[in-house]
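Peer 1: Contents of final11.cif (mmCIF, C-alpha atoms):
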data_entry
loop_
_atom_site.label_atom_id
_atom_site.label_comp_id
_atom_site.auth_asym_id
_atom_site.auth_seq_id
_atom_site.Cartn_x
_atom_site.Cartn_y
_atom_site.Cartn_z
CA MET A 140 122.91 7.32 61.22
CA PHE A 141 122.77 3.65 62.21
CA LEU A 142 120.70 0.82 60.77
CA ASN A 143 118.46 -1.45 62.81
CA GLN A 144 120.35 -4.04 64.83
CA THR A 145 121.32 -7.48 63.62
CA THR A 146 121.61 -9.89 66.54
CA TYR A 147 123.85 -12.89 67.11
CA SER A 148 123.34 -15.52 69.78
CA VAL A 149 126.11 -15.82 72.33
CA GLY A 150 126.38 -17.43 75.76
CA ASN A 151 124.43 -16.66 78.91
CA THR A 152 124.57 -13.11 80.31
CA PRO A 153 127.22 -11.54 78.08
CA PHE A 154 128.73 -8.74 80.15
CA SER A 155 131.47 -7.42 77.87
CA VAL A 156 132.29 -7.17 74.18
CA ALA A 157 135.52 -6.26 72.37
CA VAL A 158 135.92 -5.83 68.61
CA VAL A 159 139.35 -6.71 67.21
CA ASP A 160 140.70 -8.65 64.21
CA VAL A 161 141.88 -11.93 65.80
CA ASN A 162 142.63 -13.99 62.67
CA SER A 163 144.65 -11.53 60.57
CA ASP A 164 142.15 -11.14 57.72
CA ASN A 165 141.78 -7.36 58.22
CA LYS A 166 138.18 -7.79 59.41
CA SER A 167 137.14 -6.95 62.94
CA ASP A 168 135.85 -9.90 64.95
CA LEU A 169 133.69 -9.99 68.08
CA VAL A 170 134.88 -11.31 71.44
CA VAL A 171 132.29 -11.65 74.20
CA ALA A 172 132.61 -12.48 77.90
CA ASN A 173 129.68 -14.82 78.61
CA GLY A 174 129.28 -14.29 82.35
CA GLY A 175 126.66 -16.96 82.94
CA SER A 176 128.36 -19.58 80.79
CA SER A 177 131.91 -19.13 82.12
CA THR A 178 133.16 -18.86 78.55
CA VAL A 179 134.56 -16.37 76.12
CA GLY A 180 132.93 -16.46 72.70
CA VAL A 181 134.68 -15.49 69.47
CA LEU A 182 132.52 -14.60 66.45
CA LEU A 183 134.60 -14.32 63.30
CA ASN A 184 133.68 -11.69 60.75
CA ALA A 185 132.31 -13.24 57.56
CA GLY A 186 133.62 -10.29 55.58
CA ASN A 187 130.72 -7.90 55.15
CA GLY A 188 129.97 -7.04 58.72
CA THR A 189 128.10 -10.25 59.42
CA PHE A 190 129.48 -12.79 61.84
CA LYS A 191 129.80 -16.54 62.14
CA ALA A 192 128.48 -18.49 65.11
CA GLN A 193 130.60 -18.13 68.22
CA THR A 194 133.42 -20.49 69.11
CA THR A 195 133.68 -20.74 72.87
CA TYR A 196 136.62 -21.12 75.21
CA ALA A 197 136.31 -22.10 78.85
CA VAL A 198 137.47 -19.48 81.32
CA GLY A 199 136.86 -18.89 85.01
CA THR A 200 133.59 -18.33 86.81
CA ASN A 201 131.50 -15.31 85.83
CA PRO A 202 133.81 -13.60 83.32
CA TRP A 203 132.90 -9.92 83.49
CA SER A 204 135.31 -8.09 81.17
CA VAL A 205 137.48 -8.97 78.19
CA ALA A 206 140.31 -7.16 76.42
CA VAL A 207 142.00 -8.27 73.19
CA VAL A 208 145.67 -7.28 72.92
CA ASP A 209 148.88 -8.98 71.76
CA VAL A 210 150.66 -9.76 75.04
CA ASN A 211 153.50 -12.01 73.80
CA SER A 212 154.81 -9.97 70.86
CA ASP A 213 153.87 -12.41 68.09
CA ASN A 214 151.61 -9.91 66.29
CA LYS A 215 148.52 -11.98 67.15
CA PRO A 216 146.00 -10.48 69.58
CA ASP A 217 145.39 -12.51 72.71
CA LEU A 218 142.44 -12.62 75.09
CA VAL A 219 142.61 -11.26 78.62
CA VAL A 220 139.52 -11.88 80.73
CA ALA A 221 138.52 -10.81 84.24
CA ASN A 222 136.93 -13.82 85.93
CA ALA A 223 134.84 -12.13 88.63
CA GLY A 224 133.71 -15.32 90.33
CA SER A 225 137.18 -16.85 90.38
CA SER A 226 139.04 -13.69 91.46
CA ASN A 227 141.59 -14.17 88.74
CA ILE A 228 142.64 -13.01 85.30
CA GLY A 229 142.74 -15.50 82.44
CA VAL A 230 145.10 -15.08 79.49
CA LEU A 231 144.34 -17.08 76.33
CA LEU A 232 147.12 -16.90 73.77
CA ASN A 233 146.25 -16.76 70.08
CA THR A 234 147.49 -19.78 68.14
CA GLY A 235 147.76 -17.70 64.99
CA ASN A 236 144.53 -18.38 63.12
CA GLY A 237 142.08 -16.84 65.54
CA THR A 238 141.80 -19.84 67.80
CA PHE A 239 143.08 -19.69 71.35
CA LYS A 240 144.93 -21.84 73.84
CA ALA A 241 143.52 -22.72 77.25
CA GLN A 242 143.69 -19.88 79.73
CA THR A 243 146.60 -19.29 82.08
CA THR A 244 145.34 -17.69 85.26
CA TYR A 245 146.74 -15.05 87.60
CA ALA A 246 145.30 -14.35 91.03
CA VAL A 247 143.99 -10.85 91.60
CA GLY A 248 141.63 -9.23 94.10
CA SER A 249 138.03 -10.09 94.86
CA SER A 250 135.51 -9.83 92.01
CA PRO A 251 137.58 -8.31 89.21
CA TYR A 252 135.02 -6.45 87.08
CA SER A 253 137.12 -4.60 84.50
CA VAL A 254 140.43 -5.16 82.74
CA ALA A 255 142.65 -3.00 80.53
CA VAL A 256 145.87 -4.08 78.84
CA VAL A 257 148.41 -1.27 78.33
CA ASP A 258 152.18 -0.90 78.73
CA VAL A 259 152.50 1.03 82.00
CA ASN A 260 156.26 0.73 82.63
CA SER A 261 157.66 1.70 79.21
CA ASP A 262 159.20 -1.65 78.31
CA ASN A 263 157.08 -2.09 75.17
CA LYS A 264 155.22 -5.03 76.73
CA PRO A 265 151.53 -4.60 77.55
CA ASP A 266 150.66 -4.99 81.20
CA ILE A 267 147.34 -5.85 82.84
CA VAL A 268 145.37 -3.36 84.94
CA VAL A 269 142.32 -4.67 86.76
CA ALA A 270 139.56 -3.13 88.87
CA ASN A 271 139.03 -5.41 91.87
CA TYR A 272 135.42 -4.59 92.76
CA GLY A 273 135.31 -6.56 96.00
CA SER A 274 138.72 -5.44 97.25
CA ALA A 275 138.47 -1.68 96.59
CA THR A 276 141.75 -1.81 94.69
CA VAL A 277 143.22 -1.64 91.25
CA GLY A 278 145.83 -4.26 90.48
CA VAL A 279 148.76 -4.01 88.06
CA LEU A 280 150.33 -7.20 86.66
CA LEU A 281 153.55 -6.45 84.81
CA ASN A 282 154.37 -8.43 81.69
CA THR A 283 157.56 -10.49 82.06
CA GLY A 284 158.20 -10.24 78.33
CA ASN A 285 156.83 -13.50 76.95
CA GLY A 286 153.18 -12.99 77.69
CA THR A 287 153.32 -14.20 81.27
CA PHE A 288 152.72 -11.81 84.13
CA LYS A 289 154.07 -11.04 87.58
CA ALA A 290 151.89 -11.06 90.68
CA GLN A 291 149.69 -7.99 90.98
CA THR A 292 150.67 -4.91 92.92
CA THR A 293 147.64 -3.06 94.25
CA SER A 294 146.63 0.52 94.86
CA SER A 295 143.68 1.45 97.05
CA VAL A 296 140.79 3.20 95.34
CA GLY A 297 137.16 3.83 96.29
CA ASN A 298 134.69 1.15 97.26
CA THR A 299 133.37 -1.08 94.48
CA PRO A 300 135.54 0.04 91.55
CA PHE A 301 133.57 -0.96 88.48
CA SER A 302 135.59 0.17 85.47
CA VAL A 303 139.18 1.05 84.63
CA ALA A 304 140.82 2.92 81.75
CA VAL A 305 144.54 3.51 81.23
CA VAL A 306 145.56 6.67 79.34
CA ASP A 307 148.22 9.37 79.81
CA VAL A 308 146.26 12.30 81.27
CA ASN A 309 149.11 14.66 82.24
CA SER A 310 151.24 14.62 79.07
CA ASP A 311 154.30 12.95 80.56
CA ASN A 312 154.17 9.96 78.18
CA LYS A 313 153.29 7.61 81.03
CA PRO A 314 149.82 6.04 81.03
CA ASP A 315 147.74 6.83 84.08
CA ILE A 316 144.77 4.96 85.59
CA ALA A 317 141.21 6.25 85.74
CA VAL A 318 138.73 4.21 87.75
CA ALA A 319 134.98 4.51 88.25
CA ASN A 320 134.32 4.04 91.99
CA SER A 321 130.65 3.13 92.03
CA ASP A 322 129.94 3.35 95.76
CA PRO A 323 131.52 6.70 96.72
CA ASN A 324 130.27 8.13 93.40
CA THR A 325 133.70 9.27 92.23
CA VAL A 326 136.21 8.83 89.49
CA GLY A 327 139.72 8.26 90.76
CA VAL A 328 142.84 9.22 88.81
CA LEU A 329 146.14 7.54 89.71
CA LEU A 330 149.14 9.19 88.08
CA ASN A 331 151.99 6.98 86.88
CA THR A 332 155.31 7.72 88.59
CA GLY A 333 157.20 6.41 85.59
CA ASN A 334 158.01 2.79 86.34
CA GLY A 335 154.52 1.35 86.47
CA ILE A 336 154.04 2.48 90.05
CA PHE A 337 151.11 4.81 90.67
CA ASN A 338 150.46 7.66 93.08
CA ALA A 339 147.44 7.58 95.37
CA GLN A 340 144.22 8.42 93.59
CA THR A 341 142.84 11.92 93.27
CA THR A 342 139.05 11.72 93.25
CA TYR A 343 136.44 13.73 91.41
CA ALA A 344 132.75 13.72 92.29
CA VAL A 345 130.47 12.36 89.59
CA GLY A 346 126.90 11.06 89.53
CA THR A 347 125.39 8.15 91.37
CA ASN A 348 126.84 4.68 90.79
CA PRO A 349 129.33 5.34 87.98
CA ARG A 350 129.70 2.13 86.01
CA SER A 351 132.03 2.97 83.12
CA VAL A 352 134.77 5.48 82.34
CA ALA A 353 136.46 6.43 79.07
CA VAL A 354 139.40 8.81 78.66
CA VAL A 355 139.42 10.71 75.36
CA ASP A 356 140.12 14.30 74.28
CA VAL A 357 136.62 15.67 73.53
CA ASN A 358 137.38 19.38 73.13
CA SER A 359 140.40 19.28 70.81
CA ASP A 360 142.96 20.70 73.22
CA ASN A 361 145.20 17.60 73.07
CA LYS A 362 144.39 16.77 76.69
CA PRO A 363 142.33 13.65 77.39
CA ASP A 364 139.10 14.21 79.26
CA LEU A 365 137.01 11.88 81.43
CA VAL A 366 133.63 10.58 80.27
CA VAL A 367 131.67 8.57 82.81
CA ALA A 368 128.38 6.67 82.71
CA ASN A 369 126.48 7.47 85.91
CA ALA A 370 124.09 4.52 86.13
CA GLY A 371 122.15 5.72 89.12
CA SER A 372 121.73 9.25 87.77
CA SER A 373 120.83 8.22 84.22
CA ASN A 374 123.33 10.66 82.80
CA ILE A 375 126.78 11.00 81.31
CA GLY A 376 129.36 13.14 83.05
CA VAL A 377 132.13 14.91 81.12
CA LEU A 378 135.10 16.18 83.13
CA LEU A 379 137.42 18.38 81.07
CA ASN A 380 141.16 18.15 81.64
CA THR A 381 142.64 21.39 82.98
CA GLY A 382 145.93 20.60 81.28
CA ASN A 383 148.02 19.05 84.02
CA GLY A 384 146.05 15.88 84.63
CA THR A 385 143.51 17.43 86.96
CA PHE A 386 139.90 17.80 85.92
CA ASN A 387 137.07 20.30 86.10
CA ALA A 388 133.73 19.44 87.68
CA GLN A 389 131.54 17.23 85.54
CA ILE A 390 129.06 18.59 83.02
CA THR A 391 126.14 16.17 82.72
CA TYR A 392 124.00 15.05 79.81
CA ALA A 393 120.75 13.16 80.28
CA VAL A 394 120.63 9.71 78.67
CA GLY A 395 118.49 6.62 79.15
CA SER A 396 117.87 4.63 82.29
CA SER A 397 120.90 2.99 83.94
CA PRO A 398 123.72 3.77 81.51
CA TYR A 399 126.20 0.96 82.06
CA SER A 400 128.86 1.41 79.39
CA VAL A 401 130.31 4.30 77.38
CA ALA A 402 132.53 4.57 74.31
CA VAL A 403 133.87 7.81 72.85
CA VAL A 404 134.50 7.69 69.10
CA ASP A 405 133.90 10.05 66.17
CA VAL A 406 130.84 8.55 64.48
CA ASN A 407 129.97 11.34 62.01
CA SER A 408 133.37 12.05 60.45
CA ASP A 409 133.79 15.59 61.76
CA ASN A 410 136.99 14.79 63.68
CA LYS A 411 135.22 15.33 67.00
CA PRO A 412 134.71 12.30 69.25
CA ASP A 413 131.10 11.52 70.07
CA ILE A 414 129.61 9.61 72.99
CA VAL A 415 127.92 6.22 72.57
CA VAL A 416 126.22 4.81 75.66
CA ALA A 417 124.51 1.52 76.52
CA ASN A 418 121.31 2.39 78.41
CA GLU A 419 120.70 -0.85 80.30
CA GLY A 420 117.32 0.09 81.71
CA SER A 421 115.97 1.58 78.47
CA VAL A 422 117.02 -1.23 76.10
CA THR A 423 118.73 1.33 73.87
CA VAL A 424 122.04 2.73 72.83
CA GLY A 425 122.30 6.50 72.78
CA VAL A 426 124.51 8.59 70.50
CA LEU A 427 125.43 12.09 71.66
CA LEU A 428 127.11 14.10 68.92
CA ASN A 429 129.94 16.46 69.84
CA THR A 430 129.12 20.09 69.03
CA GLY A 431 132.79 20.84 68.54
CA ASN A 432 133.91 22.34 71.82
CA GLY A 433 133.48 19.32 74.04
CA THR A 434 129.79 19.83 74.67
CA PHE A 435 127.25 17.36 73.33
CA ASN A 436 123.83 17.34 71.73
CA ALA A 437 120.92 15.38 73.18
CA GLN A 438 121.13 11.64 72.59
CA ILE A 439 119.68 9.90 69.56
CA THR A 440 118.55 6.39 70.58
CA TYR A 441 118.51 3.03 68.84
CA VAL A 442 116.76 -0.07 70.11
CA VAL A 443 118.96 -3.04 71.03
CA GLY A 444 118.46 -6.23 73.05
CA ASN A 445 117.43 -6.58 76.68
CA GLY A 446 120.00 -5.50 79.22
CA PRO A 447 122.62 -3.77 77.05
CA TYR A 448 125.68 -3.96 79.29
CA SER A 449 128.71 -3.20 77.13
CA VAL A 450 129.26 -1.15 73.98
CA ALA A 451 132.11 -0.94 71.46
CA VAL A 452 132.32 1.30 68.39
CA VAL A 453 134.46 -0.11 65.57
CA ASP A 454 134.14 -0.41 61.77
CA VAL A 455 133.11 -4.02 61.18
CA ASN A 456 132.18 -3.92 57.47
CA SER A 457 135.20 -2.11 56.02
CA ASP A 458 133.37 1.02 54.87
CA ASN A 459 135.50 3.35 57.01
CA LYS A 460 132.48 4.22 59.18
CA PRO A 461 132.36 3.10 62.82
CA ASP A 462 129.62 0.65 63.72
CA ILE A 463 128.08 -0.06 67.12
CA VAL A 464 128.35 -3.44 68.85
CA VAL A 465 126.47 -4.15 72.08
CA ALA A 466 126.47 -7.10 74.50
CA ASN A 467 122.88 -7.68 75.70
CA TYR A 468 123.05 -9.69 78.92
CA GLY A 469 119.26 -10.02 79.20
CA SER A 470 118.85 -11.42 75.67
CA ASN A 471 122.01 -13.54 75.50
CA THR A 472 122.85 -11.77 72.25
CA THR A 473 125.25 -9.35 70.68
CA SER A 474 123.75 -6.57 68.56
CA VAL A 475 125.51 -5.04 65.55
CA LEU A 476 124.23 -1.69 64.27
CA LEU A 477 125.88 -0.81 60.98
CA HIS A 478 126.56 2.82 60.15
CA CYS A 479 124.52 3.99 57.20
#
Please go through the file and, once you have read it, give me the structure as structure tokens.
Peer 2:
Amino acid sequence: MFLNQTTYSVGNTPFSVAVVDVNSDNKSDLVVANGGSSTVGVLLNAGNGTFKAQTTYAVGTNPWSVAVVDVNSDNKPDLVVANAGSSNIGVLLNTGNGTFKAQTTYAVGSSPYSVAVVDVNSDNKPDIVVANYGSATVGVLLNTGNGTFKAQTTSSVGNTPFSVAVVDVNSDNKPDIAVANSDPNTVGVLLNTGNGIFNAQTTYAVGTNPRSVAVVDVNSDNKPDLVVANAGSSNIGVLLNTGNGTFNAQITYAVGSSPYSVAVVDVNSDNKPDIVVANEGSVTVGVLLNTGNGTFNAQITYVVGNGPYSVAVVDVNSDNKPDIVVANYGSNTTSVLLHC
């Protein structure tokens, strides 16, 4: 289903990759958080699913996660990076041609490991949600309206929150927070009260050391489900939504060693979202096809670089088929696996 990887050199220990068109040419570009280089790298798409050498932008220490979203309403996607070593969020505004201004920073909790950028208070301005790994909190920074942000408000979650996703799980048109709490081995769900304030988390037991969570409807009931990468259990957990924003116990699927990142996208054009996982300890990505009722076939694996840490699934060569992009922190590369 996917061709052998093509690799591109990036900075030291890339921990996160996002795939978004940043220069308005209708071609998806790569944005990588280079944790060991304290930079964000942007690799522009050459037009056929190959990529130019990265252009780097200085950010804070040990950038761990990057999101690419227009935060100042100029129709140009901006960079939002979680600087784990600096305990802040950096926002780099797009100048308009896919180059970026110097970061503006916002203090958050200790060791922010994951960032999502979604409008949580219904003002049509995307806000920042961050998992503060060292503080056992999630922080919400509301957008003031011009791409600057208010100080964070925090909600307590489990110890060592590793990953955050922001999706409406209870059908009230207000995006909720799902967080992978790696130490207590839970996923926490914080329901949105309606003004960007969140209720206390409800927790669901998952596998050991959950590192990544995605929130996507996998069984076609129009209710988003939880998909979690359980790094210490070497499996994927799927928690189906009961319909009111609560979730059933996880169903697990064996994958490779130390799954660190998960994406849920339909890769075989059957209108059923499939699971793509970065197996850090196995040097592979795994693809688990959806059988149609929210259960999944055994993984099919593809070799990538050393230490695959982050995966994104986006069409990069304009053939209307989603491709796989992986950040390999052990190889200092990004892998692109084109869909055949």
Peer 1: Given the file shown, enumerate the residues that the PyMOL selection byres ((chain A and resi 298) around 7) captures and present them as a PyMOL selection string.
Peer 2: chain A and resi 275+296-297+299-300+320-323
Peer 1: Now that the selection is made, can you save its residues with C-alpha atoms as a CSV table (one decimal), in the frame of the given file?
Peer 2:
chain,number,residue,atom,x,y,z
A,275,ALA,CA,138.5,-1.7,96.6
A,296,VAL,CA,140.8,3.2,95.3
A,297,GLY,CA,137.2,3.8,96.3
A,299,THR,CA,133.4,-1.1,94.5
A,300,PRO,CA,135.5,0.0,91.6
A,320,ASN,CA,134.3,4.0,92.0
A,321,SER,CA,130.6,3.1,92.0
A,322,ASP,CA,129.9,3.4,95.8
A,323,PRO,CA,131.5,6.7,96.7
Peer 1: Where does the PyMOL selection byres ((chain A and resi 154-166) around 9) land in this file, that is, which residues does it pick, as a PyMOL selection string?
Peer 2: chain A and resi 152-153+167-175+181+183-188+202-208+215-217+233+235-238+447-457+464-468+473
Peer 1: Closest to A:Thr440 among A:Gly371, A:Leu281, A:Ser302, A:Val416, using only C-alpha atoms?
Peer 2: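 The closest residue to A:Thr440 is A:Val416.
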Peer 1: At a cut-off of 6 Å, using all atoms listed in the file, what residues contact A:Gly395? Leave out same-chain residues fewer than 6 positions from it and give the result as a list of chain:residue names.
Peer 2: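 Result of the neighbour search: A:Ser373, A:Asn418, A:Ser421.
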Peer 1: Need to verify the contact set: A:Val259, 9 Å, all atoms listed in the file, exclusion of same-chain residues closer than 4 positions in sequence. Can you return it as number ranges by chain?
Peer 2: A: 263-268, 279, 281, 305, 313-315, 331, 333-336
Peer 1: Suppose a student applies the PyMOL selection byres ((chain A and resi 479) around 12) to this structure; what residues should they get, written as a ChimeraX atom specification?
Peer 2: /A:140-144,406-407,454,456,458-463,476-478
Peer 1: Please determine, counting all atoms listed in the file, which residue among A:Val230, A:Val210, A:Leu365, A:Val357 has the shortest atom-to-atom distance to A:Phe435.
Peer 2: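 Among the listed residues, the smallest separation from A:Phe435 belongs to A:Val357.
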Peer 1: Please write C-alpha atoms of stretch 369-391 of chain A, from the structure given just now, as a PDB file, in the first residue's frame.
Peer 2:
ATOM      1  CA  ASN A 369       0.249   2.385  24.834  1.00  0.00           C
ATOM      2  CA  ALA A 370       4.045   2.527  24.636  1.00  0.00           C
ATOM      3  CA  GLY A 371       4.746   0.248  27.553  1.00  0.00           C
ATOM      4  CA  SER A 372       2.223  -2.379  26.449  1.00  0.00           C
ATOM      5  CA  SER A 373       3.197  -2.351  22.768  1.00  0.00           C
ATOM      6  CA  ASN A 374      -0.418  -2.062  21.737  1.00  0.00           C
ATOM      7  CA  ILE A 375      -3.086   0.327  20.551  1.00  0.00           C
ATOM      8  CA  GLY A 376      -6.195   0.848  22.652  1.00  0.00           C
ATOM      9  CA  VAL A 377      -9.535   1.784  21.081  1.00  0.00           C
ATOM     10  CA  LEU A 378     -12.209   3.165  23.413  1.00  0.00           C
ATOM     11  CA  LEU A 379     -15.594   3.485  21.718  1.00  0.00           C
ATOM     12  CA  ASN A 380     -17.802   6.448  22.552  1.00  0.00           C
ATOM     13  CA  THR A 381     -21.050   5.421  24.247  1.00  0.00           C
ATOM     14  CA  GLY A 382     -22.792   8.430  22.758  1.00  0.00           C
ATOM     15  CA  ASN A 383     -22.701  11.002  25.529  1.00  0.00           C
ATOM     16  CA  GLY A 384     -18.977  11.600  25.731  1.00  0.00           C
ATOM     17  CA  THR A 385     -18.224   8.648  27.971  1.00  0.00           C
ATOM     18  CA  PHE A 386     -16.250   5.697  26.681  1.00  0.00           C
ATOM     19  CA  ASN A 387     -16.260   1.921  26.838  1.00  0.00           C
ATOM     20  CA  ALA A 388     -13.262  -0.049  28.078  1.00  0.00           C
ATOM     21  CA  GLN A 389     -10.409  -0.225  25.610  1.00  0.00           C
ATOM     22  CA  ILE A 390     -10.074  -2.962  23.019  1.00  0.00           C
ATOM     23  CA  THR A 391      -6.389  -3.566  22.297  1.00  0.00           C
TER      24      THR A 391
END
